[in-house]
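Engineer: What follows is the file work.cif, containing mmCIF, C-alpha atoms:
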```cif
data_final
#
loop_
_atom_site.group_PDB
_atom_site.id
_atom_site.type_symbol
_atom_site.label_atom_id
_atom_site.label_comp_id
_atom_site.auth_asym_id
_atom_site.auth_seq_id
_atom_site.Cartn_x
_atom_site.Cartn_y
_atom_site.Cartn_z
ATOM 1 C CA MET A 234 3.390 33.317 -10.793
ATOM 2 C CA SER A 235 3.944 31.936 -7.294
ATOM 3 C CA THR A 236 6.100 28.860 -6.780
ATOM 4 C CA PHE A 237 5.663 25.746 -4.658
ATOM 5 C CA ARG A 238 7.960 22.883 -3.713
ATOM 6 C CA ALA A 239 8.012 19.389 -5.196
ATOM 7 C CA PHE A 240 10.343 16.401 -4.970
ATOM 8 C CA VAL A 241 11.520 15.563 -8.465
ATOM 9 C CA VAL A 242 13.682 12.790 -9.895
ATOM 10 C CA ASP A 243 15.430 13.047 -13.235
ATOM 11 C CA ASP A 244 17.772 10.987 -15.386
ATOM 12 C CA LYS A 245 20.196 12.706 -17.701
ATOM 13 C CA ASP A 246 22.669 10.592 -19.632
ATOM 14 C CA GLY A 247 22.236 7.752 -17.155
ATOM 15 C CA ALA A 248 22.803 9.935 -14.084
ATOM 16 C CA TYR A 249 19.828 9.622 -11.691
ATOM 17 C CA SER A 250 19.112 12.702 -9.581
ATOM 18 C CA ALA A 251 16.567 13.265 -6.841
ATOM 19 C CA ASP A 252 15.944 16.576 -5.103
ATOM 20 C CA PHE A 253 13.511 19.389 -4.384
ATOM 21 C CA ARG A 254 12.521 21.891 -7.046
ATOM 22 C CA ASP A 255 10.403 25.019 -7.063
ATOM 23 C CA LEU A 256 7.597 24.667 -9.598
ATOM 24 C CA THR A 257 4.725 26.814 -10.818
ATOM 25 C CA GLU A 258 1.272 25.743 -11.960
ATOM 26 C CA ALA A 259 2.507 26.190 -15.531
ATOM 27 C CA ASP A 260 4.946 23.318 -14.940
ATOM 28 C CA LEU A 261 2.198 20.860 -13.995
ATOM 29 C CA PRO A 262 0.689 18.318 -16.433
ATOM 30 C CA ALA A 263 -2.171 19.428 -18.672
ATOM 31 C CA GLU A 264 -4.874 17.555 -16.757
ATOM 32 C CA LYS A 265 -8.381 18.712 -15.862
ATOM 33 C CA VAL A 266 -8.337 18.894 -12.058
ATOM 34 C CA LEU A 267 -5.948 20.998 -9.975
ATOM 35 C CA ILE A 268 -5.406 19.713 -6.433
ATOM 36 C CA ASP A 269 -4.055 21.546 -3.410
ATOM 37 C CA VAL A 270 -2.221 18.585 -1.913
ATOM 38 C CA ALA A 271 -2.240 18.190 1.871
ATOM 39 C CA TYR A 272 -0.653 14.779 2.461
ATOM 40 C CA SER A 273 0.968 11.924 0.614
ATOM 41 C CA THR A 274 2.411 8.658 1.922
ATOM 42 C CA LEU A 275 5.537 6.530 2.117
ATOM 43 C CA ASN A 276 5.335 3.139 0.416
ATOM 44 C CA TYR A 277 7.952 0.608 -0.664
ATOM 45 C CA LYS A 278 7.546 1.746 -4.253
ATOM 46 C CA ASP A 279 8.156 5.338 -3.130
ATOM 47 C CA GLY A 280 11.427 4.212 -1.599
ATOM 48 C CA LEU A 281 12.472 2.665 -4.900
ATOM 49 C CA ALA A 282 11.629 5.826 -6.839
ATOM 50 C CA VAL A 283 13.205 8.275 -4.390
ATOM 51 C CA THR A 284 16.457 6.355 -4.125
ATOM 52 C CA GLY A 285 16.649 5.164 -7.722
ATOM 53 C CA LYS A 286 17.196 1.607 -6.474
ATOM 54 C CA GLY A 287 14.356 0.226 -8.571
ATOM 55 C CA LYS A 288 13.317 0.912 -12.154
ATOM 56 C CA ILE A 289 9.990 2.416 -11.157
ATOM 57 C CA VAL A 290 10.020 5.737 -12.993
ATOM 58 C CA ARG A 291 9.201 5.503 -16.691
ATOM 59 C CA LYS A 292 9.239 9.182 -17.631
ATOM 60 C CA PHE A 293 11.579 11.993 -16.629
ATOM 61 C CA PRO A 294 11.450 14.415 -14.988
ATOM 62 C CA MET A 295 9.015 12.865 -12.492
ATOM 63 C CA VAL A 296 7.386 14.168 -9.319
ATOM 64 C CA CYS A 297 7.445 11.228 -6.887
ATOM 65 C CA GLY A 298 4.676 10.026 -4.549
ATOM 66 C CA ILE A 299 2.219 7.280 -5.539
ATOM 67 C CA ASP A 300 -0.561 8.720 -3.346
ATOM 68 C CA LEU A 301 -2.066 12.104 -2.609
ATOM 69 C CA ALA A 302 -4.975 13.604 -0.716
ATOM 70 C CA GLY A 303 -6.183 17.164 -0.897
ATOM 71 C CA THR A 304 -8.767 19.681 -2.039
ATOM 72 C CA VAL A 305 -9.877 20.462 -5.563
ATOM 73 C CA ALA A 306 -8.629 23.977 -6.318
ATOM 74 C CA ALA A 307 -10.001 24.156 -9.872
ATOM 75 C CA SER A 308 -11.753 21.721 -12.182
ATOM 76 C CA ASP A 309 -12.611 21.511 -15.871
ATOM 77 C CA ASP A 310 -14.495 18.270 -15.248
ATOM 78 C CA PRO A 311 -18.187 18.462 -14.218
ATOM 79 C CA ALA A 312 -17.804 15.536 -11.816
ATOM 80 C CA TYR A 313 -15.612 17.613 -9.471
ATOM 81 C CA LYS A 314 -15.876 21.130 -8.131
ATOM 82 C CA LYS A 315 -13.694 23.447 -6.094
ATOM 83 C CA GLY A 316 -13.567 22.333 -2.473
ATOM 84 C CA ASP A 317 -14.153 18.608 -3.090
ATOM 85 C CA ARG A 318 -12.004 16.327 -0.916
ATOM 86 C CA VAL A 319 -10.272 13.739 -3.068
ATOM 87 C CA LEU A 320 -7.471 11.197 -3.070
ATOM 88 C CA VAL A 321 -5.458 9.202 -5.587
ATOM 89 C CA ASN A 322 -3.972 5.725 -5.051
ATOM 90 C CA GLY A 323 -1.750 4.291 -7.767
ATOM 91 C CA TRP A 324 -2.806 4.848 -11.389
ATOM 92 C CA GLY A 325 0.877 5.137 -12.306
ATOM 93 C CA LEU A 326 1.612 8.177 -10.135
ATOM 94 C CA SER A 327 5.386 8.458 -9.669
ATOM 95 C CA GLU A 328 5.825 6.085 -12.622
ATOM 96 C CA SER A 329 4.219 7.560 -15.737
ATOM 97 C CA HIS A 330 2.197 10.397 -14.140
ATOM 98 C CA TRP A 331 3.381 13.125 -11.770
ATOM 99 C CA GLY A 332 2.665 12.227 -8.161
ATOM 100 C CA GLY A 333 1.887 13.492 -4.700
ATOM 101 C CA TYR A 334 5.202 14.856 -3.393
ATOM 102 C CA SER A 335 4.161 18.339 -4.411
ATOM 103 C CA ALA A 336 2.091 21.109 -2.834
ATOM 104 C CA LYS A 337 -0.037 21.212 -6.000
ATOM 105 C CA GLN A 338 -0.774 18.672 -8.713
ATOM 106 C CA ARG A 339 -2.958 18.385 -11.795
ATOM 107 C CA ILE A 340 -4.721 15.038 -12.053
ATOM 108 C CA ASN A 341 -6.784 13.117 -14.580
ATOM 109 C CA PRO A 342 -10.295 13.073 -13.042
ATOM 110 C CA ASP A 343 -10.593 9.362 -13.829
ATOM 111 C CA PHE A 344 -7.916 8.765 -11.171
ATOM 112 C CA LEU A 345 -9.798 10.534 -8.364
ATOM 113 C CA THR A 346 -11.683 8.933 -5.483
ATOM 114 C CA ARG A 347 -13.747 10.950 -3.023
ATOM 115 C CA ILE A 348 -12.500 10.717 0.556
ATOM 116 C CA PRO A 349 -15.088 9.118 2.863
ATOM 117 C CA ASP A 350 -16.508 11.572 5.395
ATOM 118 C CA LYS A 351 -15.039 9.485 8.231
ATOM 119 C CA PHE A 352 -11.453 10.355 7.289
ATOM 120 C CA ASP A 353 -9.517 13.609 7.213
ATOM 121 C CA PHE A 354 -6.607 14.094 4.799
ATOM 122 C CA LYS A 355 -4.025 12.750 7.216
ATOM 123 C CA GLN A 356 -6.084 9.638 7.961
ATOM 124 C CA ALA A 357 -6.754 9.055 4.261
ATOM 125 C CA MET A 358 -3.017 9.037 3.623
ATOM 126 C CA ALA A 359 -2.271 7.067 6.778
ATOM 127 C CA ILE A 360 -4.300 4.430 4.950
ATOM 128 C CA GLY A 361 -2.898 5.271 1.516
ATOM 129 C CA THR A 362 -2.077 2.681 -1.107
ATOM 130 C CA ALA A 363 -0.882 0.206 1.518
ATOM 131 C CA GLY A 364 -4.109 0.256 3.514
ATOM 132 C CA TYR A 365 -6.304 0.357 0.439
ATOM 133 C CA THR A 366 -4.382 -2.657 -0.896
ATOM 134 C CA SER A 367 -4.971 -4.433 2.410
ATOM 135 C CA MET A 368 -8.702 -3.911 1.985
ATOM 136 C CA LEU A 369 -8.536 -5.239 -1.566
ATOM 137 C CA CYS A 370 -6.872 -8.367 -0.163
ATOM 138 C CA VAL A 371 -9.597 -8.764 2.462
ATOM 139 C CA LEU A 372 -12.271 -8.376 -0.218
ATOM 140 C CA ALA A 373 -10.499 -11.001 -2.343
ATOM 141 C CA LEU A 374 -10.469 -13.477 0.556
ATOM 142 C CA GLU A 375 -14.135 -12.792 1.275
ATOM 143 C CA ASP A 376 -15.032 -13.260 -2.394
ATOM 144 C CA ALA A 377 -13.178 -16.588 -2.290
ATOM 145 C CA GLY A 378 -15.404 -17.716 0.575
ATOM 146 C CA VAL A 379 -12.879 -17.492 3.425
ATOM 147 C CA LYS A 380 -14.813 -17.028 6.669
ATOM 148 C CA PRO A 381 -13.652 -16.391 10.251
ATOM 149 C CA ASP A 382 -14.764 -19.821 11.481
ATOM 150 C CA GLN A 383 -12.616 -21.675 8.929
ATOM 151 C CA GLY A 384 -9.276 -21.220 10.670
ATOM 152 C CA GLU A 385 -6.299 -18.941 11.083
ATOM 153 C CA ILE A 386 -5.374 -16.173 8.654
ATOM 154 C CA LEU A 387 -1.691 -15.502 8.019
ATOM 155 C CA VAL A 388 -0.443 -11.979 7.317
ATOM 156 C CA THR A 389 3.153 -11.843 6.089
ATOM 157 C CA GLY A 390 5.281 -8.724 6.364
ATOM 158 C CA ALA A 391 2.898 -7.888 9.171
ATOM 159 C CA VAL A 392 4.809 -4.896 10.556
ATOM 160 C CA GLY A 393 4.793 -3.099 7.203
ATOM 161 C CA GLY A 394 2.056 -0.832 5.902
ATOM 162 C CA VAL A 395 -0.018 -3.459 4.097
ATOM 163 C CA GLY A 396 0.476 -5.957 6.906
ATOM 164 C CA SER A 397 -0.382 -3.610 9.754
ATOM 165 C CA VAL A 398 -3.666 -2.511 8.207
ATOM 166 C CA ALA A 399 -4.504 -6.089 7.189
ATOM 167 C CA VAL A 400 -4.000 -7.302 10.770
ATOM 168 C CA ALA A 401 -6.272 -4.565 12.137
ATOM 169 C CA LEU A 402 -8.974 -5.125 9.513
ATOM 170 C CA LEU A 403 -9.068 -8.919 9.764
ATOM 171 C CA ALA A 404 -9.089 -8.888 13.559
ATOM 172 C CA LYS A 405 -11.973 -6.400 13.558
ATOM 173 C CA LEU A 406 -13.876 -8.728 11.195
ATOM 174 C CA GLY A 407 -13.497 -11.656 13.600
ATOM 175 C CA TYR A 408 -10.639 -13.610 12.011
ATOM 176 C CA LYS A 409 -7.884 -15.200 14.103
ATOM 177 C CA VAL A 410 -4.846 -13.438 12.678
ATOM 178 C CA ILE A 411 -1.271 -14.692 12.848
ATOM 179 C CA GLY A 412 1.340 -12.124 11.904
ATOM 180 C CA SER A 413 4.727 -12.998 10.432
ATOM 181 C CA THR A 414 7.656 -10.629 10.969
ATOM 182 C CA GLY A 415 11.419 -10.550 11.120
ATOM 183 C CA ARG A 416 11.269 -8.117 14.034
ATOM 184 C CA PRO A 417 10.686 -10.030 17.297
ATOM 185 C CA LYS A 418 10.355 -6.796 19.273
ATOM 186 C CA ALA A 419 7.289 -5.894 17.191
ATOM 187 C CA ALA A 420 5.180 -8.737 18.598
ATOM 188 C CA GLU A 421 3.396 -6.540 21.117
ATOM 189 C CA TYR A 422 2.726 -3.936 18.438
ATOM 190 C CA LEU A 423 1.037 -6.556 16.258
ATOM 191 C CA LYS A 424 -0.976 -7.919 19.174
ATOM 192 C CA SER A 425 -2.148 -4.386 19.935
ATOM 193 C CA LEU A 426 -3.547 -4.270 16.394
ATOM 194 C CA GLY A 427 -5.429 -7.527 16.949
ATOM 195 C CA ALA A 428 -3.001 -10.345 16.070
ATOM 196 C CA ALA A 429 -3.656 -13.490 18.089
ATOM 197 C CA ASP A 430 -0.050 -14.646 17.718
ATOM 198 C CA VAL A 431 3.183 -13.813 15.902
ATOM 199 C CA ILE A 432 5.588 -16.124 14.083
ATOM 200 C CA ALA A 433 9.130 -15.490 12.861
ATOM 201 C CA ARG A 434 9.893 -14.539 9.284
ATOM 202 C CA ALA A 435 12.379 -17.421 9.146
ATOM 203 C CA ASP A 436 9.538 -19.912 9.629
ATOM 204 C CA LEU A 437 8.340 -19.002 6.139
ATOM 205 C CA ASP A 438 11.370 -17.520 4.371
ATOM 206 C CA ARG A 439 12.929 -20.857 3.477
ATOM 207 C CA ALA A 440 12.771 -23.604 0.886
ATOM 208 C CA ALA A 441 9.322 -25.153 1.214
ATOM 209 C CA LYS A 442 8.139 -28.669 0.489
ATOM 210 C CA PRO A 443 5.528 -28.855 -2.283
ATOM 211 C CA LEU A 444 2.909 -29.550 0.414
ATOM 212 C CA GLU A 445 3.288 -28.943 4.146
ATOM 213 C CA LYS A 446 1.022 -29.353 7.146
ATOM 214 C CA ALA A 447 -2.103 -27.341 6.408
ATOM 215 C CA ARG A 448 -2.582 -24.424 8.787
ATOM 216 C CA TRP A 449 -3.998 -21.356 7.048
ATOM 217 C CA ALA A 450 -7.566 -20.779 5.901
ATOM 218 C CA GLY A 451 -6.350 -17.667 4.136
ATOM 219 C CA VAL A 452 -3.237 -15.566 3.635
ATOM 220 C CA VAL A 453 -2.465 -11.914 2.921
ATOM 221 C CA ASP A 454 1.040 -11.816 1.472
ATOM 222 C CA SER A 455 3.062 -8.707 0.656
ATOM 223 C CA VAL A 456 6.433 -10.473 0.548
ATOM 224 C CA GLY A 457 6.457 -12.934 -2.356
ATOM 225 C CA SER A 458 9.279 -15.366 -3.145
ATOM 226 C CA LYS A 459 9.978 -18.202 -0.647
ATOM 227 C CA THR A 460 7.628 -16.721 1.963
ATOM 228 C CA LEU A 461 4.691 -16.854 -0.431
ATOM 229 C CA ALA A 462 5.636 -20.350 -1.599
ATOM 230 C CA THR A 463 5.710 -21.663 1.991
ATOM 231 C CA ALA A 464 2.403 -19.968 2.805
ATOM 232 C CA ILE A 465 0.789 -21.606 -0.225
ATOM 233 C CA ALA A 466 2.160 -25.016 0.800
ATOM 234 C CA GLN A 467 0.615 -24.561 4.272
ATOM 235 C CA THR A 468 -2.839 -23.425 3.150
ATOM 236 C CA HIS A 469 -5.891 -25.590 3.860
ATOM 237 C CA GLU A 470 -8.029 -27.319 1.267
ATOM 238 C CA GLU A 471 -10.071 -24.705 -0.640
ATOM 239 C CA GLY A 472 -8.188 -21.938 1.153
ATOM 240 C CA ALA A 473 -7.080 -18.722 -0.535
ATOM 241 C CA VAL A 474 -3.919 -16.650 -0.704
ATOM 242 C CA ALA A 475 -4.096 -12.962 -1.656
ATOM 243 C CA ALA A 476 -0.742 -11.863 -3.083
ATOM 244 C CA CYS A 477 -0.029 -8.157 -3.403
ATOM 245 C CA GLY A 478 3.694 -7.517 -2.923
ATOM 246 C CA LEU A 479 7.279 -8.425 -3.662
ATOM 247 C CA ALA A 480 9.352 -7.155 -0.728
ATOM 248 C CA GLY A 481 11.111 -10.537 -0.601
ATOM 249 C CA GLY A 482 11.502 -11.000 -4.354
ATOM 250 C CA THR A 483 9.560 -11.493 -7.567
ATOM 251 C CA ASP A 484 10.184 -15.227 -7.887
ATOM 252 C CA LEU A 485 7.737 -17.902 -6.722
ATOM 253 C CA PRO A 486 9.442 -21.287 -6.121
ATOM 254 C CA THR A 487 6.352 -23.467 -5.790
ATOM 255 C CA THR A 488 4.647 -26.358 -7.607
ATOM 256 C CA VAL A 489 1.155 -27.005 -8.902
ATOM 257 C CA LEU A 490 0.437 -29.482 -6.071
ATOM 258 C CA PRO A 491 -1.270 -27.071 -3.629
ATOM 259 C CA PHE A 492 -3.576 -25.969 -6.422
ATOM 260 C CA ILE A 493 -4.545 -29.372 -7.813
ATOM 261 C CA LEU A 494 -4.464 -31.471 -4.625
ATOM 262 C CA ARG A 495 -5.906 -28.960 -2.134
ATOM 263 C CA GLY A 496 -7.733 -26.547 -4.410
ATOM 264 C CA VAL A 497 -5.785 -23.606 -2.998
ATOM 265 C CA LYS A 498 -6.645 -20.354 -4.746
ATOM 266 C CA LEU A 499 -3.876 -17.840 -5.487
ATOM 267 C CA LEU A 500 -5.476 -14.418 -5.836
ATOM 268 C CA GLY A 501 -3.468 -11.649 -7.447
ATOM 269 C CA VAL A 502 -4.325 -8.196 -6.077
ATOM 270 C CA ASN A 503 -3.631 -5.251 -8.385
ATOM 271 C CA SER A 504 -4.030 -1.936 -6.609
ATOM 272 C CA VAL A 505 -2.553 0.275 -9.341
ATOM 273 C CA THR A 506 -5.183 0.053 -12.093
ATOM 274 C CA CYS A 507 -7.993 -1.449 -10.030
ATOM 275 C CA PRO A 508 -11.387 -0.406 -11.507
ATOM 276 C CA LYS A 509 -13.024 2.621 -9.939
ATOM 277 C CA ALA A 510 -16.050 0.722 -8.622
ATOM 278 C CA ARG A 511 -13.798 -1.701 -6.726
ATOM 279 C CA ARG A 512 -11.772 1.221 -5.343
ATOM 280 C CA GLU A 513 -14.910 2.890 -4.072
ATOM 281 C CA GLN A 514 -16.049 -0.398 -2.529
ATOM 282 C CA ALA A 515 -12.684 -0.750 -0.774
ATOM 283 C CA TRP A 516 -12.769 2.791 0.613
ATOM 284 C CA ALA A 517 -16.367 2.368 1.778
ATOM 285 C CA ARG A 518 -15.349 -0.799 3.620
ATOM 286 C CA LEU A 519 -12.321 0.947 5.133
ATOM 287 C CA ALA A 520 -14.649 3.620 6.496
ATOM 288 C CA LYS A 521 -16.842 0.888 7.981
ATOM 289 C CA ASP A 522 -14.296 -1.645 9.204
ATOM 290 C CA LEU A 523 -11.032 0.134 10.042
ATOM 291 C CA ASP A 524 -10.664 1.226 13.670
ATOM 292 C CA VAL A 525 -9.335 4.798 13.535
ATOM 293 C CA ASP A 526 -7.684 4.404 16.945
ATOM 294 C CA LYS A 527 -5.679 1.446 15.638
ATOM 295 C CA LEU A 528 -4.919 3.432 12.495
ATOM 296 C CA ALA A 529 -3.524 6.218 14.662
ATOM 297 C CA ALA A 530 -1.460 3.728 16.676
ATOM 298 C CA MET A 531 0.265 2.421 13.545
ATOM 299 C CA THR A 532 0.823 5.843 11.932
ATOM 300 C CA SER A 533 3.554 8.445 12.109
ATOM 301 C CA VAL A 534 3.601 11.766 10.277
ATOM 302 C CA GLU A 535 6.806 12.992 8.662
ATOM 303 C CA PRO A 536 7.668 16.116 6.658
ATOM 304 C CA LEU A 537 8.410 15.885 2.957
ATOM 305 C CA SER A 538 11.779 17.470 3.768
ATOM 306 C CA LYS A 539 12.907 14.072 5.168
ATOM 307 C CA ILE A 540 11.842 11.990 2.168
ATOM 308 C CA LYS A 541 15.349 11.026 1.048
ATOM 309 C CA GLN A 542 16.149 9.367 4.385
ATOM 310 C CA LEU A 543 12.663 7.879 4.659
ATOM 311 C CA GLY A 544 13.081 6.299 1.228
ATOM 312 C CA GLU A 545 16.280 4.616 2.384
ATOM 313 C CA ASP A 546 14.667 3.514 5.649
ATOM 314 C CA ILE A 547 11.695 1.760 4.068
ATOM 315 C CA LEU A 548 13.930 -0.214 1.696
ATOM 316 C CA LYS A 549 15.983 -1.377 4.692
ATOM 317 C CA GLY A 550 12.827 -2.607 6.439
ATOM 318 C CA GLU A 551 13.188 0.004 9.167
ATOM 319 C CA VAL A 552 9.730 1.573 8.828
ATOM 320 C CA ARG A 553 6.893 0.286 11.004
ATOM 321 C CA GLY A 554 3.252 0.649 10.080
ATOM 322 C CA ARG A 555 2.182 3.654 8.054
ATOM 323 C CA VAL A 556 3.874 6.981 7.354
ATOM 324 C CA ALA A 557 1.816 9.958 6.212
ATOM 325 C CA ILE A 558 3.875 12.647 4.480
ATOM 326 C CA ASP A 559 3.035 16.314 5.106
ATOM 327 C CA VAL A 560 3.921 17.704 1.693
ATOM 328 C CA ASN A 561 3.881 21.276 2.989
ATOM 329 C CA ALA A 562 6.501 20.660 5.680
#
```
Now that the file is in, can you turn its structure into structure tokens?

Structural biologist:
Amino acid sequence: MSTFRAFVVDDKDGAYSADFRDLTEADLPAEKVLIDVAYSTLNYKDGLAVTGKGKIVRKFPMVCGIDLAGTVAASDDPAYKKGDRVLVNGWGLSESHWGGYSAKQRINPDFLTRIPDKFDFKQAMAIGTAGYTSMLCVLALEDAGVKPDQGEILVTGAVGGVGSVAVALLAKLGYKVIGSTGRPKAAEYLKSLGAADVIARADLDRAAKPLEKARWAGVVDSVGSKTLATAIAQTHEEGAVAACGLAGGTDLPTTVLPFILRGVKLLGVNSVTCPKARREQAWARLAKDLDVDKLAAMTSVEPLSKIKQLGEDILKGEVRGRVAIDVNA
């Protein structure tokens, strides 16, 4: 039986290991759909799994990669046939289910989403979990009634994957977007994606008053901690904050005052086990509202062979925009 390469982490007697292994189809999970994987992605959670610096992986051994896109090679499920173009975002890949850093993978068909015709495999993974999460945040703000004429929208961690796509999407939809970043040199990059202005990370990453001068009609936050608390304190009456990340920490040092005195809505965005109908809605909107030229401008493509260094880089905040991973390189 022919072999293929995968990036696998293991933990034996408390010793965490991470390296490439040659696998066969017989090694793969006993799921119904076999995928020939073309691309995966690099996300913050991938960095944690690859480096072992976060307790992400729940089962060992584990093939890393929380996303994948590829072609159905074989299927025992009537909903999918050989040749179908599919992707997976989340669903516990790289945590409790084998993930996308492999040339082949067997997947539970309930996890699959069809790739919109507008996108090829590389574009689908340039979007990946980060971009799909950005769209979920936009949908949450829209559902909360936040409209472009109501004021500025703040995007924190704007140079990262979630932030970059959120800036591009919101600008395309007519919102005045203000990006927050700790990288002053990235201001022109964010403006090229559609940001009207850029503010420093330090303006938000500080101890906030319970209520501050109201500025934001809505917020997309991928940072958490003090940044999220300050953004909440600065949100307008009846505004909304979509929270989807924890790059700055899992704590939230805020009070109830923004919620009971201004009616601010804090909207949690869960991309991992999001229902299939909402996923399909998000991907349909990405196909409609995401400018592929801006997607290309924020995307780099890297080989899977560099994943160890890339995992370190993303945890250090040294990755800009989106990184698609060619799993066959």

Engineer: Compile the contact shell of Leu523 of chain A as a PDB file with C-alpha atoms, in the frame of the given file: residues with an atom at most 9 Å away, counting only C-alpha atoms, same-chain residues fewer than 2 positions apart removed.

Structural biologist:
```pdb
ATOM      1  CA  VAL A 398      -3.666  -2.511   8.207  1.00  0.00           C
ATOM      2  CA  ALA A 401      -6.272  -4.565  12.137  1.00  0.00           C
ATOM      3  CA  LEU A 402      -8.974  -5.125   9.513  1.00  0.00           C
ATOM      4  CA  LYS A 405     -11.973  -6.400  13.558  1.00  0.00           C
ATOM      5  CA  ARG A 518     -15.349  -0.799   3.620  1.00  0.00           C
ATOM      6  CA  LEU A 519     -12.321   0.947   5.133  1.00  0.00           C
ATOM      7  CA  ALA A 520     -14.649   3.620   6.496  1.00  0.00           C
ATOM      8  CA  LYS A 521     -16.842   0.888   7.981  1.00  0.00           C
ATOM      9  CA  VAL A 525      -9.335   4.798  13.535  1.00  0.00           C
ATOM     10  CA  ASP A 526      -7.684   4.404  16.945  1.00  0.00           C
ATOM     11  CA  LYS A 527      -5.679   1.446  15.638  1.00  0.00           C
ATOM     12  CA  LEU A 528      -4.919   3.432  12.495  1.00  0.00           C
TER      13      LEU A 528
END
```

Engineer: Looking at all atoms listed in the file, which of A:Leu281, A:Ala357, A:Cys477, A:Ala464 is the one that sits closest to Ala399 of chain A?

Structural biologist: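 Using all atoms listed in the file, the shortest distance to Ala399 of chain A belongs to A:Cys477.
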
Engineer: How big is the axis-aligned box, and where does its centre sit, when it encloses all atoms of segment 306-320 of chain A listed in the file and has 3 Å added on every side, reported in Å to one decimal as AutoDock Vina command-line options?

Structural biologist:
```
--center_x -12.8 --center_y 17.7 --center_z -8.4 --size_x 16.7 --size_y 19.0 --size_z 21.0
```

Engineer: Just how far from atom CA of Val502 of chain A is atom CA of Tyr272 of chain A, in Å to one decimal?

Structural biologist: 24.8 Å

Engineer: Starting from the displayed file, determine the output of the PyMOL selection byres ((chain A and resi 264-271) around 10) and express the residue list as a PyMOL selection string.

Structural biologist: chain A and resi 258+261-263+272-273+301-311+313-320+333-343+345+354-355+358+558-562

Engineer: The PyMOL selection byres ((chain A and resi 444) around 12) on the file shown: which residues, as a ChimeraX atom specification?

Structural biologist: /A:440-443,445-448,462-470,487-495,497

Engineer: Given the selection you just returned, output its residues as a file containing C-alpha atoms, formatted as a PDB file, keeping the file's coordinate frame.

Structural biologist:
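Final output, saved to result.pdb:
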```pdb
ATOM      1  CA  ALA A 440      12.771 -23.604   0.886  1.00  0.00           C
ATOM      2  CA  ALA A 441       9.322 -25.153   1.214  1.00  0.00           C
ATOM      3  CA  LYS A 442       8.139 -28.669   0.489  1.00  0.00           C
ATOM      4  CA  PRO A 443       5.528 -28.855  -2.283  1.00  0.00           C
ATOM      5  CA  GLU A 445       3.288 -28.943   4.146  1.00  0.00           C
ATOM      6  CA  LYS A 446       1.022 -29.353   7.146  1.00  0.00           C
ATOM      7  CA  ALA A 447      -2.103 -27.341   6.408  1.00  0.00           C
ATOM      8  CA  ARG A 448      -2.582 -24.424   8.787  1.00  0.00           C
ATOM      9  CA  ALA A 462       5.636 -20.350  -1.599  1.00  0.00           C
ATOM     10  CA  THR A 463       5.710 -21.663   1.991  1.00  0.00           C
ATOM     11  CA  ALA A 464       2.403 -19.968   2.805  1.00  0.00           C
ATOM     12  CA  ILE A 465       0.789 -21.606  -0.225  1.00  0.00           C
ATOM     13  CA  ALA A 466       2.160 -25.016   0.800  1.00  0.00           C
ATOM     14  CA  GLN A 467       0.615 -24.561   4.272  1.00  0.00           C
ATOM     15  CA  THR A 468      -2.839 -23.425   3.150  1.00  0.00           C
ATOM     16  CA  HIS A 469      -5.891 -25.590   3.860  1.00  0.00           C
ATOM     17  CA  GLU A 470      -8.029 -27.319   1.267  1.00  0.00           C
ATOM     18  CA  THR A 487       6.352 -23.467  -5.790  1.00  0.00           C
ATOM     19  CA  THR A 488       4.647 -26.358  -7.607  1.00  0.00           C
ATOM     20  CA  VAL A 489       1.155 -27.005  -8.902  1.00  0.00           C
ATOM     21  CA  LEU A 490       0.437 -29.482  -6.071  1.00  0.00           C
ATOM     22  CA  PRO A 491      -1.270 -27.071  -3.629  1.00  0.00           C
ATOM     23  CA  PHE A 492      -3.576 -25.969  -6.422  1.00  0.00           C
ATOM     24  CA  ILE A 493      -4.545 -29.372  -7.813  1.00  0.00           C
ATOM     25  CA  LEU A 494      -4.464 -31.471  -4.625  1.00  0.00           C
ATOM     26  CA  ARG A 495      -5.906 -28.960  -2.134  1.00  0.00           C
ATOM     27  CA  VAL A 497      -5.785 -23.606  -2.998  1.00  0.00           C
TER      28      VAL A 497
END
```

Engineer: What do you get, as an mmCIF file with C-alpha atoms, in the coordinates of the input, if you spell out every residue that the PyMOL selection byres ((chain A and resi 417) around 10) selects here?

Structural biologist:
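The resulting file, expr-v3.cif, is reproduced below:
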```cif
data_model
loop_
_atom_site.group_PDB
_atom_site.id
_atom_site.type_symbol
_atom_site.label_atom_id
_atom_site.label_comp_id
_atom_site.auth_asym_id
_atom_site.auth_seq_id
_atom_site.Cartn_x
_atom_site.Cartn_y
_atom_site.Cartn_z
ATOM 1 C CA SER A 413 4.727 -12.998 10.432
ATOM 2 C CA THR A 414 7.656 -10.629 10.969
ATOM 3 C CA GLY A 415 11.419 -10.550 11.120
ATOM 4 C CA ARG A 416 11.269 -8.117 14.034
ATOM 5 C CA LYS A 418 10.355 -6.796 19.273
ATOM 6 C CA ALA A 419 7.289 -5.894 17.191
ATOM 7 C CA ALA A 420 5.180 -8.737 18.598
ATOM 8 C CA GLU A 421 3.396 -6.540 21.117
ATOM 9 C CA VAL A 431 3.183 -13.813 15.902
ATOM 10 C CA ILE A 432 5.588 -16.124 14.083
ATOM 11 C CA ALA A 433 9.130 -15.490 12.861
ATOM 12 C CA ARG A 434 9.893 -14.539 9.284
#
```

Engineer: Just give me the gap between atom CA of Glu513 of chain A and atom CA of Ser533 of chain A in Å, one decimal is fine.

Structural biologist: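 Atom-to-atom, atom CA of Glu513 of chain A and atom CA of Ser533 of chain A are spaced 25.2 Å apart.
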
Engineer: Would you mind listing what lies within 9 Å of Thr460 of chain A as a list in words, with all atoms listed in the file counted and same-chain residues fewer than 6 positions away left out?

Structural biologist: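 Surrounding residues, per the criterion: Thr389, Arg434, Ala435, Asp436, Leu437, Asp438, Arg439, Ala440, Ala441, Asp454, Gly481 and Leu485 of chain A.
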